[in-house]
Every structure is written in C-alpha cells, then in structure tokens.
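The next block holds one structure in the form of structure tokens; read it before the comments.
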Amino acid sequence: MRSLKAFGARNGRDPAFAGVGNRPELLRRKTIGNNSRLLLAAGVLAIGPALYAMVAGAPLAFIVTCLVLGGALTALAMHQRGQFDLSAAAQVTTLMAAGLVLTIADPRLGDAGLGMALMGPVLAALVARRSMRRVSWLGLLPIIAIALVSTLLGLPANPLPDAQLLPASGLGFAIAFAVVAYSAHHINAAFEVHDKAQISAYRHLIEHVQDAVLRFGTDGSVLLASRSSEPLFGCPRYQISGNTLVERVHVLDRPAFLNAFADASQLGRSRSVEMRMRQDDPHARSSVPRFIWVDAQLAPILDEPASDSAHEVIALLRDITSRKDTEAAMAEARRVAEDASQAKSRFLATIGHELRTPLNAVVGFSEMMTSGIGGELSGTHKEYAGLIHQSGRHLLEVVSMLLDMSRIEAGKFEIQAEPIAPADIVPACFAMVETMAQERRVRLLSEIEADLPLLTADERVCRQILINLLSNAIKFSHEGGQVAVTVKRQGQSISLSVRDRGIGMAPAALDRIGEPFFQVHDGLTRKYEGTGLGLSIVKGLVELHGGTLRAISELGTGTTITVLLPINGPATKASETAEIVPLHREPLAAALPLWQKETRKAQ
C-alpha cells in the first residue's frame with residue numbers, strides 16, 4: 001500500500017512551504033479533510049440505529065457512534081483551523097479508541113475491535129507524519145495486551161450477547177475500513193496521475209530536447225532514440241536501433257567510445273567522450289562519408305536491476321562540429337601568428353647585426369674626422385662630421401634596442417644576478433642622462449631610503465631599466481620641469497619609481513603601455529622622436545627578474561612608472577628575506593597586475 005511519505009509528506013516537515021503548487025501536500029490535506037467528513041457522515045447515519053439499540057438495552061453501538069462523532073468533529077475543526085497534523089492524529093485516535101472499547105467488550109482475541117484498532121496505524125501510515133506513525137504503532141501494543149489479558153482471564157465476567165456485539169463491532173469496523181479504503185484509493189489514484197504526468201513530461205522532454213537522446217541496453221544495442229537524433233545522424237531513427245551506432249563512429253575514435261561505454265555500463269560511472277560520427281546525406285553527390293564531431297555524455301541507469309552487474313546507459317549527443325572548426329581555425333591562426341613573430345624576431349636580429357658593423361665604422365670615422373686625426377677640417381666640414389657622428393650614435397642605439405627586444409622575445413636574454421647596492425645605481429644613471437636633461441633644462445631629483453638591503457639582480461640590466469625610464473621622463477617633460485627618482489623598500493621588493501610632471505597619458509594609451517613600437521604620439525606629425533621600444537624593453541627586463549611594473553598617469557599632470565624587483569632575485573624565497581612588520585597591510589608584489597590602471601586626482 002502506497003503512502004504519502006514518498007509523495008511529499010516526509011521527515012516531519014511541511015512540504016507546502018517548499019514552494020507554490022506542492023500537489024502531494026495539498027492532496028494529503030484534502031484527504032484528511034475528506035476523512036473527517038466521512039467519519040462525521042458515518043456517525044450521523046449511525047446515530048439513529050444506535051439510539052434505538054440503546055433504548056432496547058444495547059448501549060455499545062451508541063458509545064461507538066458517539067466516539068466516532070466526537071472524533072470526526074474534532075478532526076474537522078482542526079482541519080478548518082489549518083492544524084492538519086492534529087486533525088490526522090484525531091482521526092487515528094478515534095479509530096483506536098473505538099477499537100479499544102470493542103476489544104474490552106468482547107472477550108474473544110480475534111474480535112472486530114482489535115481489527116478496528118489496527119486500522120489506526122494503517123491510516124497513520126497513509127496520511128500522518130513519521131512521528132505520528134511511530135506513536136500509533138506503539139499505542140496499538142497496549143490494546144493487543146488488553147485483548148490477550150481479557151481472553152486469558154475471561155473478562156468481562158458477564159459478556160454481552162452477540163446480538164449487541166455484532167452490530168456494534170460491524171458498525172465500527174465498517175467505518176474504519178471505509179476511511180482507510182478511501183484514503184488508499186485516493187492516494188493510489190493520485191500516484192497513477194502523478195506517474196502518468198511524469199512519464200508524459202519525460203517523453204515530451206526527450207522528444208523535443210535539442211540534444212539527441214539514446215538509450216543503450218546492457219549489450220550496447222540502441223533501445224530508444226529521440227526525434228532530435230534524426231537530424232544529427234541524417235536518417236530516420238529506426239535505422240539507428242540495434243548495434244549499428246558503433247559502425248557510425250570513426251574508426252580512430254571507437255576505442256575511446258567503447259571504453260567510455262564500458263565504464264558507464266560495467267562500473268556505473270558517468271563518462272564524456274568527444275568523437276567523430278558519420279552523418280548520412282541522401283542528397284550527396286559523392287560517396288565519401290561525411291563525419292561530424294559529437295560530444296557524448298554517457299550516464300548509467302542505476303535504478304533498474306540488470307544482469308551480470310551491467311547497467312543500461314543513457315547518452316546525450318550534441319553536435320560540436322562548429323566548435324571544433326573554430327578551435328582548429330584558432331590553432332592555425334595561433335601557429336601563423338607564432339611563425340610571423342619568429343620571422344619578425346629573426347628579421348630584427350639579422351638586420352640589427354647587419355647594420356651594427358657599418359654603423360660602427362661610420363661613428364668611428366666621423367669621430368676621427370671631428371678630432372682632426374685625418375687632417376684639419378674647416379668649420380663647415382667639422383659641423384657636418386659632428387652631425388654624422390650624432391646620427392650614427394642614434395642609429396646604434398636604435399639597433400641595440402632592436403637586438404635587445406629580439407633577444408627578449410626569443411628568450412635568449414640572459415641576466416647575471418649578483419648582490420648590488422640599489423643606491424649606487426641612481427648616480428651612475430643620472431650621469432648618463434645629465435646632458436639630455438640639461439638640454440631640456442630638467443632638474444633631476446633623487447630620494448633614496450637609508451639602510452636599503454642588497455638587491456640580487458643584474459647591475460647592467462638595472463641601469464638600463466632606470467636609464468630608459470629617465471630618458472622617457474625627460475623627453476616627455478616640459479622645459480624647466482623636474483624628474484624625481486625614488487628608491488625604497490616595499491615588502492620583499494625594492495621599488496624604483498620615476499616621476500615626471502610632463503604631458504601624461506590618456507587611459508587608452510595607459511592600457512597599451514609596454515607594447516612594442518607603441519607611441520602615445522603617433523603619425524607623421526608627432527612631436528617626440530623614438531621607436532616605442534624603451535618601455536617594452538623595460539617590461540621584458542623586469543619580468544626576467546621576476547618583478548612587476550606599474551604605471552600611473554593623467555593627461556597634463558605627469559606620469560609615474562614604478563618597478564618592483566624582488567630583493568632575492570628572480571627566484572625569491574620568503575625564508576631568505578627578513579621579515580617586516582608593516583604598519584598597514586600592503587598587497588604582495590606578485591599579486592599586483594602587470595599594468596595597474598589608476599588615475600591620480602588633482603589636488
């Protein structure tokens with residue numbers, strides 16, 4: 001006999017609060033209400049004959065009828081107040097109390113009273129909560145004990161005649177049986193409707209889902225195919241039944257599919273496999289088969305028993321040909337881009353080496369001409385030789401940048417890390433850019449923190465980083481401006497910061513800073529010269545040291561470039577770095593983004 005405990009009433013909680021439209025709980029409440037009305041109707045119909053029997057000297061039927069009426073009214077009142085569990089408890093108690101009265105009145109063990117009392121736990125199993133079901137079965141034990149004692153001791157001493165016992169027992173048992181039979185019939189009908197609705201919903205889902213749905217038997221044969229499988233396979237679904245599916249799988253993908261199916265069927269594990277599958281095309285002009293990529297999700301059916309410990313399998317098939325084509329196109333585009341990048345790097349390295357030798361000769365001979373080694377030159381010729389020397393050195397710097405960039409991109413730029421004093425880098429770099437700063441009347445300022453620890457890094461590379469940053473800052477500063485360099489310790493890193501009060505950068509340009517050959521002022525009319533490789537080289541050199549680079553800028557206000565280099569070099573070990581107790585929490589250098597986009601507010 002089915003119970004509502006599997007249909008929504010379980011675990012001592014009210015499923016009606018689980019959401020709107022909880023039909024099982026509504027059905028339980030409706031059944032409880034109808035049971036109350038059924039008991040009330042039975043009591044009203046039996047009150048007349050019971051009164052007549054009482055007048056005739058047989059009050060037992062009247063007592064049972066009064067118990068039924070009282071219990072029915074109590075249960076109906078509880079139901080109308082929304083106390084459905086108490087209403088069900090009142091019904092169960094009514095049946096067991098009436099059964100107890102009939103059991104005491106009848107000395108026989110197998111009397112109708114005991115049967116009526118037994119109907120109480122049965123009714124509780126249908127409509128009551130788990131706690132009430134447990135209490136009802138425990139309450140039945142004393143009634144059985146009373147029946148045993150009465151039978152063994154022959155109580156009552158003056159038993160009622162059968163003319164009084166039979167009508168009362170028959171009336172009580174009929175009422176109890178009617179209530180239980182109605183509840184069971186109502187619940188079974190609801191289960192049938194529910195099962196049909198579930199089957200209809202599942203059938204509708206399988207037939208209209210976009211993915212193809214297949215059901216495999218334990219031997220791998222296709223037992224069911226959804227309507228959506230027809231466009232996937234290009235044929236009617238009846239042609240997919242049987243063992244023909246494996247024949248459609250590409251021969252190179254059959255081992256993977258069979259292994260996944262064996263895991264799902266034999267081991268009961270869900271598996272996923274991507275495979276190529278033949279798709280029929282009746283209108284094709286060529287006999288060459290067409291294969292599509294399919295993503296198959298295999299799940300075992302664990303609820304149904306199967307022979308040989310095997311399970312039937314449900315498979316969801318989805319056409320992923322477009323995704324595979326996109327992945328192949330992206331892989332090809334990536335390969336082409338990598339080849340182009342390598343070709344560019346080879347070109348830059350080759351042209352750089354080819355240009356360096358003649359440029360060295362041009363610079364050397366022009367310097368000899370200006371120094372008068374080859375003979376005294378006129379003022380005009382000396383001026384021309386100086387221009388040649390200056391242009392040659394500029395070209396050598398460009399070639400050096402190209403070579404550095406190509407080596408960094410090719411991963412062939414090696415650094416020689418050794419302990420250095422960070423404070424000693426700044427004066428040497430100032431001396432390298434002092435002439436450029438004097439030409440633009442830019443003041444160079446430095447702020448170096450005292451007692452800085454030794455920095456494990458390549459000193460030549462660190463100077464190159466700082467010189468590039470200083471050159472950019474001076475170049476984009478206004479005449480009469482200033483460039484400040486700050487060196488301090490920040491957590492487990494050394495911070496090198498270069499700040500200028502020049503033209504600044506827009507947010508769009510700030511996002512692209514560090515890209516090779518990118519310049520803020522581009523075009524033929526640009527005011528500032530340069531190749532756009534300075535910050536790209538800085539970025540690459542900082543990454544070789546395991547550091548990070550941040551940029552803060554705003555148009556018309558200036559730019560601040562900050563480089564964070566690990567104190568212990570590229571392979572930083574926290575145990576080798578002295579612990580610092582910060583006064584405020586700072587983010588770790590490794591956790592910072594490569595380019596932090598910030599906007600400095602005007603004071």
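By order of appearance in the structure tokens: chains A, B, ..., then residues from 1 within every chain, and ligands from 1 in the order shown.
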Any idea what's packed within 10 Å of range 131-148 of chain A, counting only C-alpha atoms, ignoring anything in its chain fewer than 3 positions away? Could you give it as a ChimeraX atom specification?
/A:10-12,85-86,88-89,92-93,96-97,99-111,113-114,117-128,151-155
I need the residues of range 11-253 of chain A that end up classed as strand (DSSP E) by DSSP on the backbone, written out as a PyMOL selection string.
chain A and resi 212-216+222-225
Looking only at helix (DSSP H, G or I) from DSSP on the backbone, list the matching residues of range 237-420 of chain A as a PyMOL selection string.
chain A and resi 237-239+245-248+254-266+307-309+321-371+379-410
Can you list, as a PyMOL selection string, every protein, DNA or RNA residue that comes within 12 Å of Ala41 in chain A when you count only C-alpha atoms, leaving out same-chain residues fewer than 2 positions away?
chain A and resi 34-39+43-47+65+68-73+76+175+178-179
Residues at most 12 Å from range 256-271 of chain A, counting only C-alpha atoms, excluding those fewer than 4 positions away in the same chain, as a ChimeraX atom specification?
/A:215-221,245-252,275-277,294-316
Non-local contacts of Phe233 in chain A (9 Å; only C-alpha atoms; under 6 positions in same chain excluded) as a PDB file with N, CA and C atoms, in the first residue's frame:
```
ATOM      1  N   ILE A 240      18.760   3.681 -36.531  1.00  0.00           N
ATOM      2  CA  ILE A 240      19.829   3.765 -35.528  1.00  0.00           C
ATOM      3  C   ILE A 240      19.722   2.621 -34.523  1.00  0.00           C
ATOM      4  N   ARG A 248      28.912   3.724 -37.024  1.00  0.00           N
ATOM      5  CA  ARG A 248      28.932   5.119 -37.439  1.00  0.00           C
ATOM      6  C   ARG A 248      30.112   5.887 -36.825  1.00  0.00           C
ATOM      7  N   MET A 277      31.567  11.104 -35.879  1.00  0.00           N
ATOM      8  CA  MET A 277      30.500  10.180 -36.221  1.00  0.00           C
ATOM      9  C   MET A 277      30.004  10.473 -37.633  1.00  0.00           C
ATOM     10  N   ARG A 278      29.713   9.402 -38.362  1.00  0.00           N
ATOM     11  CA  ARG A 278      29.261   9.554 -39.738  1.00  0.00           C
ATOM     12  C   ARG A 278      27.831  10.092 -39.764  1.00  0.00           C
ATOM     13  N   GLN A 279      27.624  11.083 -40.626  1.00  0.00           N
ATOM     14  CA  GLN A 279      26.294  11.660 -40.828  1.00  0.00           C
ATOM     15  C   GLN A 279      25.863  11.393 -42.269  1.00  0.00           C
ATOM     16  N   ASP A 280      24.708  10.749 -42.414  1.00  0.00           N
ATOM     17  CA  ASP A 280      24.208  10.404 -43.738  1.00  0.00           C
ATOM     18  C   ASP A 280      23.654  11.636 -44.434  1.00  0.00           C
ATOM     19  N   ASP A 281      23.797  11.656 -45.738  1.00  0.00           N
ATOM     20  CA  ASP A 281      23.233  12.723 -46.567  1.00  0.00           C
ATOM     21  C   ASP A 281      22.697  12.082 -47.842  1.00  0.00           C
TER      22      ASP A 281
END
```
From the list A:Glu418, A:Glu327, A:Asp424, A:Asp500, which residue is nearest Leu445 in chain A when using only C-alpha atoms?
A:Asp500
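Counting from CA of Pro453 in chain A, the distance to CA of Val485 in chain A is 17.8 Å.
The smallest atom-to-atom distance between Arg463 in chain A and any of A:Leu535, A:Ala56, A:Ile425, A:Leu544, using only C-alpha atoms, is found for A:Ile425.
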Excluding Asp451 in chain A and its own-chain neighbours fewer than 5 positions away, which residues fall within 10 Å of it when counting only C-alpha atoms? Please give them as a ChimeraX atom specification.
/A:421,423,488-489
Selected residues written out with N, CA and C atoms, as a short mmCIF file (atom, residue, chain, number, x, y, z; two decimals), in the first residue's frame:
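Result written to part.cif:
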```
data_model
loop_
_atom_site.label_atom_id
_atom_site.label_comp_id
_atom_site.auth_asym_id
_atom_site.auth_seq_id
_atom_site.Cartn_x
_atom_site.Cartn_y
_atom_site.Cartn_z
N ALA A 421 74.17 47.21 -4.52
CA ALA A 421 73.56 48.24 -3.67
C ALA A 421 72.62 49.07 -4.53
N ALA A 423 71.24 51.87 -4.04
CA ALA A 423 71.51 53.31 -4.02
C ALA A 423 72.61 53.71 -4.98
N LYS A 488 63.14 52.77 -2.61
CA LYS A 488 62.78 52.38 -1.24
C LYS A 488 62.45 50.90 -1.22
N ARG A 489 62.31 50.41 -0.01
CA ARG A 489 61.92 49.02 0.16
C ARG A 489 60.40 48.95 0.29
#
```
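For the residues A:Gln464, A:Thr557, A:Gln80, A:Ser471, ranking by smallest atom-to-atom distance to Lys539 in chain A using only C-alpha atoms places A:Gln464 first.
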Can you pull out the residues contacting range 374-386 of chain A? Cut-off 10 Å, using only C-alpha atoms, and skip same-chain residues under 6 positions away; I want them as an MDAnalysis selection string.
chainID A and resid 362:363 365:368 392
Filtering to N, CA and C atoms, could you give me those residues as an mmCIF file, in the first residue's frame?
```
data_model
loop_
_atom_site.group_PDB
_atom_site.id
_atom_site.type_symbol
_atom_site.label_atom_id
_atom_site.label_comp_id
_atom_site.auth_asym_id
_atom_site.auth_seq_id
_atom_site.Cartn_x
_atom_site.Cartn_y
_atom_site.Cartn_z
ATOM 1 N N VAL A 362 80.942 54.111 -39.380
ATOM 2 C CA VAL A 362 80.524 55.494 -39.606
ATOM 3 C C VAL A 362 80.794 56.334 -38.368
ATOM 4 N N VAL A 363 80.416 55.808 -37.183
ATOM 5 C CA VAL A 363 80.613 56.553 -35.939
ATOM 6 C C VAL A 363 82.101 56.748 -35.672
ATOM 7 N N PHE A 365 84.763 56.720 -37.807
ATOM 8 C CA PHE A 365 85.441 57.632 -38.727
ATOM 9 C C PHE A 365 84.957 59.077 -38.560
ATOM 10 N N SER A 366 83.673 59.253 -38.270
ATOM 11 C CA SER A 366 83.182 60.622 -38.047
ATOM 12 C C SER A 366 83.825 61.226 -36.805
ATOM 13 N N GLU A 367 84.053 60.388 -35.777
ATOM 14 C CA GLU A 367 84.716 60.883 -34.575
ATOM 15 C C GLU A 367 86.182 61.231 -34.865
ATOM 16 N N MET A 368 86.807 60.416 -35.701
ATOM 17 C CA MET A 368 88.185 60.733 -36.086
ATOM 18 C C MET A 368 88.253 62.038 -36.878
ATOM 19 N N GLY A 392 74.861 58.718 -36.347
ATOM 20 C CA GLY A 392 75.326 57.332 -36.259
ATOM 21 C C GLY A 392 75.123 56.748 -34.880
#
```
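The gap separating CA of Thr559 in chain A from CA of Gln390 in chain A is 28.8 Å, in Å to one decimal.
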